[in-house]
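Chemist: Data file entry03.cif (mmCIF, N, CA and C atoms) is appended below.
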data_start
#
loop_
_atom_site.label_atom_id
_atom_site.label_comp_id
_atom_site.auth_asym_id
_atom_site.auth_seq_id
_atom_site.Cartn_x
_atom_site.Cartn_y
_atom_site.Cartn_z
N MET Z 580 7.40 -10.30 -8.40
CA MET Z 580 6.62 -9.19 -8.89
C MET Z 580 7.54 -8.02 -9.24
N LYS Z 581 7.09 -7.20 -10.15
CA LYS Z 581 7.85 -6.05 -10.63
C LYS Z 581 7.07 -4.76 -10.36
N LEU Z 582 7.78 -3.64 -10.48
CA LEU Z 582 7.14 -2.34 -10.24
C LEU Z 582 5.93 -2.11 -11.14
N GLN Z 583 5.98 -2.62 -12.37
CA GLN Z 583 4.84 -2.40 -13.27
C GLN Z 583 3.58 -3.11 -12.79
N ASP Z 584 3.74 -4.07 -11.85
CA ASP Z 584 2.57 -4.74 -11.26
C ASP Z 584 1.88 -3.87 -10.21
N CYS Z 585 2.59 -2.87 -9.70
CA CYS Z 585 2.00 -1.91 -8.77
C CYS Z 585 1.23 -0.90 -9.61
N LYS Z 586 0.02 -0.59 -9.19
CA LYS Z 586 -0.74 0.37 -9.99
C LYS Z 586 -1.74 1.13 -9.14
N LYS Z 587 -1.93 2.37 -9.57
CA LYS Z 587 -2.99 3.18 -8.96
C LYS Z 587 -4.32 2.71 -9.54
N ILE Z 588 -5.30 2.61 -8.69
CA ILE Z 588 -6.64 2.22 -9.12
C ILE Z 588 -7.61 3.29 -8.68
N ARG Z 589 -8.33 3.82 -9.63
CA ARG Z 589 -9.36 4.82 -9.32
C ARG Z 589 -10.62 4.09 -8.87
N LEU Z 590 -11.15 4.51 -7.76
CA LEU Z 590 -12.34 3.91 -7.18
C LEU Z 590 -13.59 4.66 -7.65
N PRO Z 591 -14.74 4.02 -7.56
CA PRO Z 591 -15.98 4.71 -7.95
C PRO Z 591 -16.22 5.95 -7.09
N VAL Z 592 -16.77 6.96 -7.71
CA VAL Z 592 -17.17 8.19 -7.00
C VAL Z 592 -18.62 8.45 -7.33
N ILE Z 593 -19.44 8.57 -6.31
CA ILE Z 593 -20.84 8.94 -6.48
C ILE Z 593 -20.97 10.37 -5.98
N PRO Z 594 -21.02 11.32 -6.91
CA PRO Z 594 -21.08 12.73 -6.49
C PRO Z 594 -22.47 13.10 -5.97
N ASP Z 595 -22.46 13.96 -5.00
CA ASP Z 595 -23.71 14.44 -4.41
C ASP Z 595 -23.42 15.80 -3.81
N GLU Z 596 -24.35 16.71 -3.90
CA GLU Z 596 -24.15 18.05 -3.34
C GLU Z 596 -23.95 18.01 -1.83
N ARG Z 597 -24.37 16.94 -1.19
CA ARG Z 597 -24.19 16.79 0.27
C ARG Z 597 -22.84 16.19 0.62
N GLY Z 598 -22.08 15.79 -0.39
CA GLY Z 598 -20.77 15.15 -0.19
C GLY Z 598 -20.68 13.90 -1.04
N ASN Z 599 -19.49 13.60 -1.49
CA ASN Z 599 -19.27 12.45 -2.36
C ASN Z 599 -19.15 11.15 -1.57
N LEU Z 600 -19.36 10.04 -2.27
CA LEU Z 600 -19.25 8.72 -1.68
C LEU Z 600 -18.39 7.87 -2.60
N SER Z 601 -17.43 7.14 -2.02
CA SER Z 601 -16.62 6.17 -2.76
C SER Z 601 -16.65 4.86 -1.99
N PHE Z 602 -16.33 3.77 -2.70
CA PHE Z 602 -16.34 2.46 -2.05
C PHE Z 602 -15.35 1.53 -2.73
N ILE Z 603 -15.04 0.42 -2.05
CA ILE Z 603 -14.13 -0.59 -2.56
C ILE Z 603 -14.81 -1.94 -2.41
N GLU Z 604 -14.83 -2.71 -3.48
CA GLU Z 604 -15.37 -4.06 -3.42
C GLU Z 604 -14.27 -5.04 -3.79
N GLU Z 605 -14.13 -6.08 -2.96
CA GLU Z 605 -13.10 -7.09 -3.21
C GLU Z 605 -13.37 -7.82 -4.52
N ASN Z 606 -12.29 -8.20 -5.19
CA ASN Z 606 -12.34 -8.90 -6.47
C ASN Z 606 -13.09 -8.16 -7.56
N ARG Z 607 -13.40 -6.89 -7.31
CA ARG Z 607 -14.02 -6.06 -8.34
C ARG Z 607 -13.16 -4.83 -8.60
N HIS Z 608 -12.94 -4.04 -7.56
CA HIS Z 608 -12.09 -2.87 -7.69
C HIS Z 608 -10.64 -3.19 -7.37
N ILE Z 609 -10.43 -4.13 -6.47
CA ILE Z 609 -9.09 -4.58 -6.14
C ILE Z 609 -9.01 -6.08 -6.46
N PRO Z 610 -7.83 -6.56 -6.85
CA PRO Z 610 -7.74 -7.94 -7.34
C PRO Z 610 -7.54 -9.01 -6.27
N PHE Z 611 -8.19 -8.86 -5.14
CA PHE Z 611 -8.08 -9.89 -4.10
C PHE Z 611 -9.23 -9.80 -3.13
N ARG Z 612 -9.38 -10.86 -2.35
CA ARG Z 612 -10.35 -10.90 -1.26
C ARG Z 612 -9.75 -10.20 -0.04
N ILE Z 613 -10.50 -9.36 0.61
CA ILE Z 613 -10.02 -8.61 1.77
C ILE Z 613 -10.12 -9.48 3.02
N ARG Z 614 -8.97 -9.72 3.65
CA ARG Z 614 -8.95 -10.51 4.88
C ARG Z 614 -8.55 -9.68 6.11
N ARG Z 615 -7.97 -8.50 5.86
CA ARG Z 615 -7.56 -7.66 6.98
C ARG Z 615 -7.59 -6.21 6.53
N THR Z 616 -7.99 -5.35 7.45
CA THR Z 616 -8.02 -3.91 7.22
C THR Z 616 -7.38 -3.22 8.42
N TYR Z 617 -6.49 -2.27 8.14
CA TYR Z 617 -5.93 -1.47 9.23
C TYR Z 617 -5.64 -0.07 8.70
N TRP Z 618 -5.38 0.86 9.60
CA TRP Z 618 -5.13 2.23 9.21
C TRP Z 618 -4.04 2.84 10.05
N LEU Z 619 -3.36 3.81 9.45
CA LEU Z 619 -2.28 4.55 10.10
C LEU Z 619 -2.71 6.00 10.25
N TYR Z 620 -2.49 6.55 11.42
CA TYR Z 620 -2.88 7.94 11.67
C TYR Z 620 -1.99 8.52 12.77
N ASP Z 621 -2.06 9.82 12.95
CA ASP Z 621 -1.23 10.53 13.93
C ASP Z 621 0.26 10.23 13.75
N VAL Z 622 0.69 10.08 12.51
CA VAL Z 622 2.11 9.82 12.23
C VAL Z 622 2.87 11.14 12.38
N PRO Z 623 3.84 11.21 13.30
CA PRO Z 623 4.60 12.45 13.49
C PRO Z 623 5.37 12.84 12.23
N GLY Z 624 5.54 14.13 12.04
CA GLY Z 624 6.30 14.63 10.90
C GLY Z 624 7.67 13.99 10.82
N GLY Z 625 8.08 13.62 9.62
CA GLY Z 625 9.39 13.04 9.41
C GLY Z 625 9.48 11.54 9.64
N GLU Z 626 8.44 10.95 10.20
CA GLU Z 626 8.47 9.50 10.46
C GLU Z 626 8.11 8.72 9.21
N ARG Z 627 8.56 7.47 9.19
CA ARG Z 627 8.24 6.53 8.12
C ARG Z 627 7.47 5.37 8.71
N ARG Z 628 6.60 4.79 7.90
CA ARG Z 628 5.87 3.59 8.32
C ARG Z 628 6.09 2.52 7.26
N ALA Z 629 5.71 1.32 7.58
CA ALA Z 629 5.92 0.14 6.73
C ALA Z 629 7.41 -0.16 6.72
N GLY Z 630 8.04 -0.24 5.58
CA GLY Z 630 9.45 -0.65 5.51
C GLY Z 630 9.54 -2.16 5.53
N TYR Z 631 8.85 -2.80 4.59
CA TYR Z 631 8.87 -4.26 4.50
C TYR Z 631 8.34 -4.71 3.14
N ALA Z 632 8.52 -5.98 2.86
CA ALA Z 632 7.86 -6.64 1.73
C ALA Z 632 7.09 -7.80 2.33
N LEU Z 633 6.07 -8.23 1.63
CA LEU Z 633 5.26 -9.35 2.09
C LEU Z 633 5.44 -10.54 1.15
N ARG Z 634 5.66 -11.71 1.74
CA ARG Z 634 5.93 -12.91 0.95
C ARG Z 634 4.72 -13.41 0.18
N GLY Z 635 3.55 -13.36 0.78
CA GLY Z 635 2.38 -13.93 0.14
C GLY Z 635 1.11 -13.13 0.34
N THR Z 636 1.27 -11.82 0.53
CA THR Z 636 0.12 -10.96 0.81
C THR Z 636 0.16 -9.75 -0.11
N ASP Z 637 -0.99 -9.41 -0.69
CA ASP Z 637 -1.13 -8.20 -1.49
C ASP Z 637 -1.78 -7.12 -0.62
N ASP Z 638 -1.41 -5.87 -0.85
CA ASP Z 638 -1.99 -4.74 -0.13
C ASP Z 638 -2.60 -3.75 -1.12
N PHE Z 639 -3.58 -2.99 -0.62
CA PHE Z 639 -4.16 -1.87 -1.35
C PHE Z 639 -4.22 -0.72 -0.35
N VAL Z 640 -3.63 0.42 -0.71
CA VAL Z 640 -3.47 1.55 0.21
C VAL Z 640 -4.20 2.77 -0.34
N VAL Z 641 -4.96 3.43 0.55
CA VAL Z 641 -5.71 4.63 0.17
C VAL Z 641 -5.39 5.74 1.19
N ALA Z 642 -5.14 6.94 0.69
CA ALA Z 642 -5.01 8.11 1.55
C ALA Z 642 -6.43 8.62 1.80
N MET Z 643 -7.02 8.21 2.90
CA MET Z 643 -8.39 8.60 3.21
C MET Z 643 -8.48 10.09 3.54
N SER Z 644 -7.40 10.62 4.08
CA SER Z 644 -7.31 12.05 4.41
C SER Z 644 -5.86 12.46 4.29
N GLY Z 645 -5.62 13.65 3.82
CA GLY Z 645 -4.25 14.13 3.69
C GLY Z 645 -3.50 13.43 2.58
N SER Z 646 -2.18 13.33 2.75
CA SER Z 646 -1.36 12.75 1.70
C SER Z 646 -0.11 12.12 2.29
N PHE Z 647 0.51 11.25 1.51
CA PHE Z 647 1.79 10.65 1.86
C PHE Z 647 2.37 10.01 0.61
N ASP Z 648 3.66 9.71 0.66
CA ASP Z 648 4.35 9.05 -0.45
C ASP Z 648 4.55 7.59 -0.12
N VAL Z 649 4.54 6.76 -1.15
CA VAL Z 649 4.84 5.34 -1.00
C VAL Z 649 6.06 5.04 -1.86
N LEU Z 650 7.15 4.65 -1.21
CA LEU Z 650 8.35 4.22 -1.92
C LEU Z 650 8.19 2.75 -2.24
N LEU Z 651 8.36 2.39 -3.50
CA LEU Z 651 8.24 1.01 -3.97
C LEU Z 651 9.59 0.55 -4.50
N ASP Z 652 9.95 -0.71 -4.24
CA ASP Z 652 11.23 -1.26 -4.68
C ASP Z 652 10.99 -2.73 -5.02
N ASP Z 653 11.33 -3.13 -6.25
CA ASP Z 653 11.15 -4.53 -6.64
C ASP Z 653 12.47 -5.30 -6.62
N GLY Z 654 13.53 -4.68 -6.10
CA GLY Z 654 14.84 -5.31 -6.06
C GLY Z 654 15.72 -4.88 -7.20
N SER Z 655 15.12 -4.35 -8.26
CA SER Z 655 15.87 -3.86 -9.41
C SER Z 655 15.67 -2.36 -9.62
N ARG Z 656 14.43 -1.91 -9.38
CA ARG Z 656 14.09 -0.51 -9.60
C ARG Z 656 13.30 0.02 -8.41
N LYS Z 657 13.33 1.36 -8.28
CA LYS Z 657 12.56 2.04 -7.24
C LYS Z 657 11.66 3.08 -7.88
N LYS Z 658 10.56 3.35 -7.21
CA LYS Z 658 9.62 4.37 -7.67
C LYS Z 658 8.90 4.92 -6.46
N THR Z 659 8.55 6.20 -6.49
CA THR Z 659 7.76 6.82 -5.43
C THR Z 659 6.42 7.25 -6.01
N VAL Z 660 5.35 6.90 -5.29
CA VAL Z 660 3.99 7.23 -5.71
C VAL Z 660 3.37 8.10 -4.62
N ARG Z 661 2.79 9.20 -5.01
CA ARG Z 661 2.10 10.11 -4.07
C ARG Z 661 0.63 9.71 -4.02
N LEU Z 662 0.12 9.52 -2.81
CA LEU Z 662 -1.31 9.26 -2.62
C LEU Z 662 -1.92 10.46 -1.91
N ASN Z 663 -2.97 11.03 -2.51
CA ASN Z 663 -3.59 12.23 -1.93
C ASN Z 663 -5.07 12.37 -2.30
N ARG Z 664 -5.67 11.30 -2.76
CA ARG Z 664 -7.09 11.31 -3.13
C ARG Z 664 -7.79 10.13 -2.47
N SER Z 665 -8.91 10.38 -1.85
CA SER Z 665 -9.63 9.29 -1.16
C SER Z 665 -10.37 8.38 -2.12
N TYR Z 666 -10.40 8.72 -3.40
CA TYR Z 666 -11.05 7.88 -4.40
C TYR Z 666 -10.03 7.16 -5.29
N GLU Z 667 -8.78 7.11 -4.83
CA GLU Z 667 -7.73 6.46 -5.60
C GLU Z 667 -6.80 5.74 -4.64
N GLY Z 668 -6.46 4.51 -4.97
CA GLY Z 668 -5.57 3.75 -4.11
C GLY Z 668 -4.45 3.11 -4.91
N LEU Z 669 -3.50 2.54 -4.18
CA LEU Z 669 -2.34 1.91 -4.79
C LEU Z 669 -2.34 0.43 -4.48
N TYR Z 670 -2.37 -0.38 -5.53
CA TYR Z 670 -2.25 -1.83 -5.39
C TYR Z 670 -0.77 -2.19 -5.31
N ILE Z 671 -0.39 -2.90 -4.23
CA ILE Z 671 0.98 -3.33 -4.02
C ILE Z 671 0.97 -4.86 -3.91
N PRO Z 672 1.41 -5.55 -4.96
CA PRO Z 672 1.41 -7.01 -4.90
C PRO Z 672 2.53 -7.55 -4.01
N ARG Z 673 2.38 -8.79 -3.62
CA ARG Z 673 3.39 -9.47 -2.80
C ARG Z 673 4.77 -9.34 -3.43
N GLY Z 674 5.78 -9.30 -2.56
CA GLY Z 674 7.16 -9.26 -3.04
C GLY Z 674 7.70 -7.89 -3.36
N ILE Z 675 6.94 -6.84 -3.12
CA ILE Z 675 7.41 -5.47 -3.37
C ILE Z 675 7.69 -4.79 -2.04
N TRP Z 676 8.91 -4.29 -1.89
CA TRP Z 676 9.27 -3.51 -0.71
C TRP Z 676 8.50 -2.20 -0.76
N HIS Z 677 7.92 -1.79 0.39
CA HIS Z 677 7.24 -0.50 0.40
C HIS Z 677 7.41 0.20 1.74
N GLU Z 678 7.55 1.52 1.64
CA GLU Z 678 7.66 2.41 2.80
C GLU Z 678 6.73 3.58 2.59
N PHE Z 679 6.08 4.02 3.66
CA PHE Z 679 5.23 5.21 3.62
C PHE Z 679 6.01 6.36 4.24
N ARG Z 680 6.04 7.50 3.54
CA ARG Z 680 6.84 8.66 3.97
C ARG Z 680 6.07 9.95 3.73
N ASN Z 681 6.60 11.02 4.30
CA ASN Z 681 6.11 12.39 4.03
C ASN Z 681 4.61 12.55 4.30
N PHE Z 682 4.18 12.09 5.46
CA PHE Z 682 2.77 12.23 5.83
C PHE Z 682 2.44 13.69 6.07
N SER Z 683 1.33 14.13 5.52
CA SER Z 683 0.84 15.48 5.80
C SER Z 683 0.15 15.47 7.17
N THR Z 684 -0.08 16.65 7.71
CA THR Z 684 -0.79 16.77 8.98
C THR Z 684 -2.17 16.15 8.87
N ASN Z 685 -2.56 15.40 9.86
CA ASN Z 685 -3.87 14.75 9.94
C ASN Z 685 -4.15 13.76 8.81
N SER Z 686 -3.09 13.16 8.27
CA SER Z 686 -3.31 12.16 7.22
C SER Z 686 -3.80 10.84 7.82
N LEU Z 687 -4.51 10.11 6.99
CA LEU Z 687 -5.06 8.82 7.40
C LEU Z 687 -4.85 7.85 6.24
N ALA Z 688 -4.07 6.79 6.49
CA ALA Z 688 -3.79 5.78 5.47
C ALA Z 688 -4.59 4.53 5.80
N LEU Z 689 -5.41 4.08 4.86
CA LEU Z 689 -6.17 2.84 4.99
C LEU Z 689 -5.46 1.77 4.18
N VAL Z 690 -5.24 0.60 4.80
CA VAL Z 690 -4.58 -0.52 4.12
C VAL Z 690 -5.50 -1.73 4.16
N LEU Z 691 -5.77 -2.29 2.98
CA LEU Z 691 -6.54 -3.53 2.86
C LEU Z 691 -5.56 -4.62 2.45
N SER Z 692 -5.61 -5.76 3.12
CA SER Z 692 -4.68 -6.85 2.85
C SER Z 692 -5.41 -8.12 2.43
N SER Z 693 -4.75 -8.90 1.60
CA SER Z 693 -5.34 -10.13 1.09
C SER Z 693 -5.27 -11.29 2.07
N GLU Z 694 -4.48 -11.15 3.14
CA GLU Z 694 -4.32 -12.23 4.12
C GLU Z 694 -4.38 -11.68 5.54
N HIS Z 695 -4.67 -12.56 6.48
CA HIS Z 695 -4.63 -12.20 7.89
C HIS Z 695 -3.19 -11.94 8.30
N TYR Z 696 -2.99 -11.24 9.40
CA TYR Z 696 -1.64 -10.95 9.86
C TYR Z 696 -0.89 -12.24 10.19
N ASP Z 697 0.33 -12.32 9.70
CA ASP Z 697 1.23 -13.44 9.98
C ASP Z 697 2.64 -12.89 9.93
N ALA Z 698 3.31 -12.82 11.07
CA ALA Z 698 4.65 -12.23 11.15
C ALA Z 698 5.62 -12.91 10.19
N ALA Z 699 5.42 -14.19 9.90
CA ALA Z 699 6.32 -14.93 9.00
C ALA Z 699 6.22 -14.43 7.56
N GLN Z 700 5.17 -13.71 7.22
CA GLN Z 700 4.99 -13.17 5.86
C GLN Z 700 5.90 -11.97 5.58
N TYR Z 701 6.42 -11.35 6.63
CA TYR Z 701 7.14 -10.08 6.49
C TYR Z 701 8.63 -10.28 6.25
N VAL Z 702 9.15 -9.56 5.27
CA VAL Z 702 10.59 -9.40 5.06
C VAL Z 702 10.87 -7.98 5.51
N ARG Z 703 11.46 -7.82 6.71
CA ARG Z 703 11.50 -6.50 7.34
C ARG Z 703 12.75 -5.67 7.10
N GLY Z 704 13.87 -6.26 6.88
CA GLY Z 704 15.08 -5.48 6.65
C GLY Z 704 15.40 -5.37 5.18
N ILE Z 705 15.92 -4.22 4.75
CA ILE Z 705 16.21 -4.02 3.33
C ILE Z 705 17.29 -5.00 2.86
N ASP Z 706 18.26 -5.32 3.72
CA ASP Z 706 19.29 -6.29 3.34
C ASP Z 706 18.68 -7.68 3.18
N GLU Z 707 17.77 -8.04 4.08
CA GLU Z 707 17.07 -9.32 3.97
C GLU Z 707 16.25 -9.35 2.68
N PHE Z 708 15.61 -8.23 2.36
CA PHE Z 708 14.81 -8.14 1.14
C PHE Z 708 15.69 -8.35 -0.10
N LYS Z 709 16.83 -7.68 -0.15
CA LYS Z 709 17.72 -7.81 -1.31
C LYS Z 709 18.21 -9.25 -1.46
N ALA Z 710 18.55 -9.88 -0.34
CA ALA Z 710 19.00 -11.28 -0.39
C ALA Z 710 17.88 -12.19 -0.85
N TRP Z 711 16.68 -11.94 -0.35
CA TRP Z 711 15.50 -12.73 -0.72
C TRP Z 711 15.24 -12.62 -2.21
N LYS Z 712 15.28 -11.41 -2.75
CA LYS Z 712 15.05 -11.21 -4.17
C LYS Z 712 16.17 -11.85 -5.00
N ALA Z 713 17.41 -11.73 -4.52
CA ALA Z 713 18.55 -12.31 -5.24
C ALA Z 713 18.46 -13.83 -5.31
N ASP Z 714 17.88 -14.43 -4.27
CA ASP Z 714 17.73 -15.88 -4.23
C ASP Z 714 16.57 -16.35 -5.11
N GLY Z 715 15.79 -15.40 -5.61
CA GLY Z 715 14.67 -15.75 -6.48
C GLY Z 715 13.56 -16.48 -5.76
N GLU Z 716 13.37 -16.16 -4.48
CA GLU Z 716 12.34 -16.85 -3.69
C GLU Z 716 10.94 -16.49 -4.10
N ILE Z 717 10.77 -15.43 -4.85
CA ILE Z 717 9.42 -15.05 -5.25
C ILE Z 717 9.21 -15.30 -6.73
#
Translate this file's structure into structure tokens.

Modeler:
Amino acid sequence: MKLQDCKKIRLPVIPDERGNLSFIEENRHIPFRIRRTYWLYDVPGGERRAGYALRGTDDFVVAMSGSFDVLLDDGSRKKTVRLNRSYEGLYIPRGIWHEFRNFSTNSLALVLSSEHYDAAQYVRGIDEFKAWKADGEI
């Protein structure tokens, strides 16, 4: 996969004077079936989360509250995407290195994954990632 395969996706917004509503439907708003959901919160200032690529799992990340940056790396190019809207998320396909950085106070990151957790799916070190990409395993 390449960086151009990563994309921001705007989610539906139903405006209401009592507060807005947004939602995500699998295989409609995001291009996969949701098999796992998790969230990151109370991240101390200056800390990073993630720092891995997934061999066979796609992710979709939403800043439900606050903001943070997502560093993306496809082995050839890097890009940073800022997430700060609860009605917009970032699709990260398998094989893309990603790190979450610069969390604002009280930020909440929601992650939807296409597969159940499997430690063997993770490429955790940047050197391992570069070697994996160089070998053309994806």

Chemist: So which residues touch Arg628 (chain Z) within 7 Å, counting only C-alpha atoms, skipping near sequence neighbours fewer than 2 positions away, as number ranges by chain?

Modeler: Z: 626, 630, 678-680

Chemist: Within 6.5 Å of His695 (chain Z), counting only N, CA and C atoms, which residues show up once you throw out same-chain ones fewer than 3 positions away? Write them as a list of chain:residue names, please.

Modeler: Z:Arg614, Z:Arg615, Z:Ser692

Chemist: As JSON, numbers by chain, please: the residues near Ile609 (chain Z) (cut-off 9 Å, only C-alpha atoms, same-chain neighbours under 5 positions excluded).

Modeler: {"Z": [588, 603, 604, 639, 670]}

Chemist: I need the residues from that last selection saved to file as an mmCIF file, keeping the file's coordinate frame (with N, CA and C atoms), if you can.

Modeler:
data_model
loop_
_atom_site.group_PDB
_atom_site.id
_atom_site.type_symbol
_atom_site.label_atom_id
_atom_site.label_comp_id
_atom_site.auth_asym_id
_atom_site.auth_seq_id
_atom_site.Cartn_x
_atom_site.Cartn_y
_atom_site.Cartn_z
ATOM 1 N N ILE Z 588 -5.300 2.610 -8.690
ATOM 2 C CA ILE Z 588 -6.640 2.220 -9.120
ATOM 3 C C ILE Z 588 -7.610 3.290 -8.680
ATOM 4 N N ILE Z 603 -15.040 0.420 -2.050
ATOM 5 C CA ILE Z 603 -14.130 -0.590 -2.560
ATOM 6 C C ILE Z 603 -14.810 -1.940 -2.410
ATOM 7 N N GLU Z 604 -14.830 -2.710 -3.480
ATOM 8 C CA GLU Z 604 -15.370 -4.060 -3.420
ATOM 9 C C GLU Z 604 -14.270 -5.040 -3.790
ATOM 10 N N PHE Z 639 -3.580 -2.990 -0.620
ATOM 11 C CA PHE Z 639 -4.160 -1.870 -1.350
ATOM 12 C C PHE Z 639 -4.220 -0.720 -0.350
ATOM 13 N N TYR Z 670 -2.370 -0.380 -5.530
ATOM 14 C CA TYR Z 670 -2.250 -1.830 -5.390
ATOM 15 C C TYR Z 670 -0.770 -2.190 -5.310
#

Chemist: Taking the point (-5.7, 14.2, 8.9) as given in the file, collect each protein or nucleic acid residue that comes within 6 Å of it, counting all atoms listed in the file, and present the set as number ranges by chain.

Modeler: Z: 644-645, 684-687

Chemist: So which residues get picked by the PyMOL selection byres ((chain Z and resi 693) around 8) here, written as an MDAnalysis selection string?

Modeler: chainID Z and resid 610:616 635:639 690:692 694:696

Chemist: Once DSSP has gone over the backbone, tell me which residues of chain Z are in strand (DSSP E or B), as a ChimeraX atom specification.

Modeler: /Z:586-589,592-593,600-601,605,609,615-620,628-633,638-644,647-652,657-662,667-671,676-680,687-692,701-702
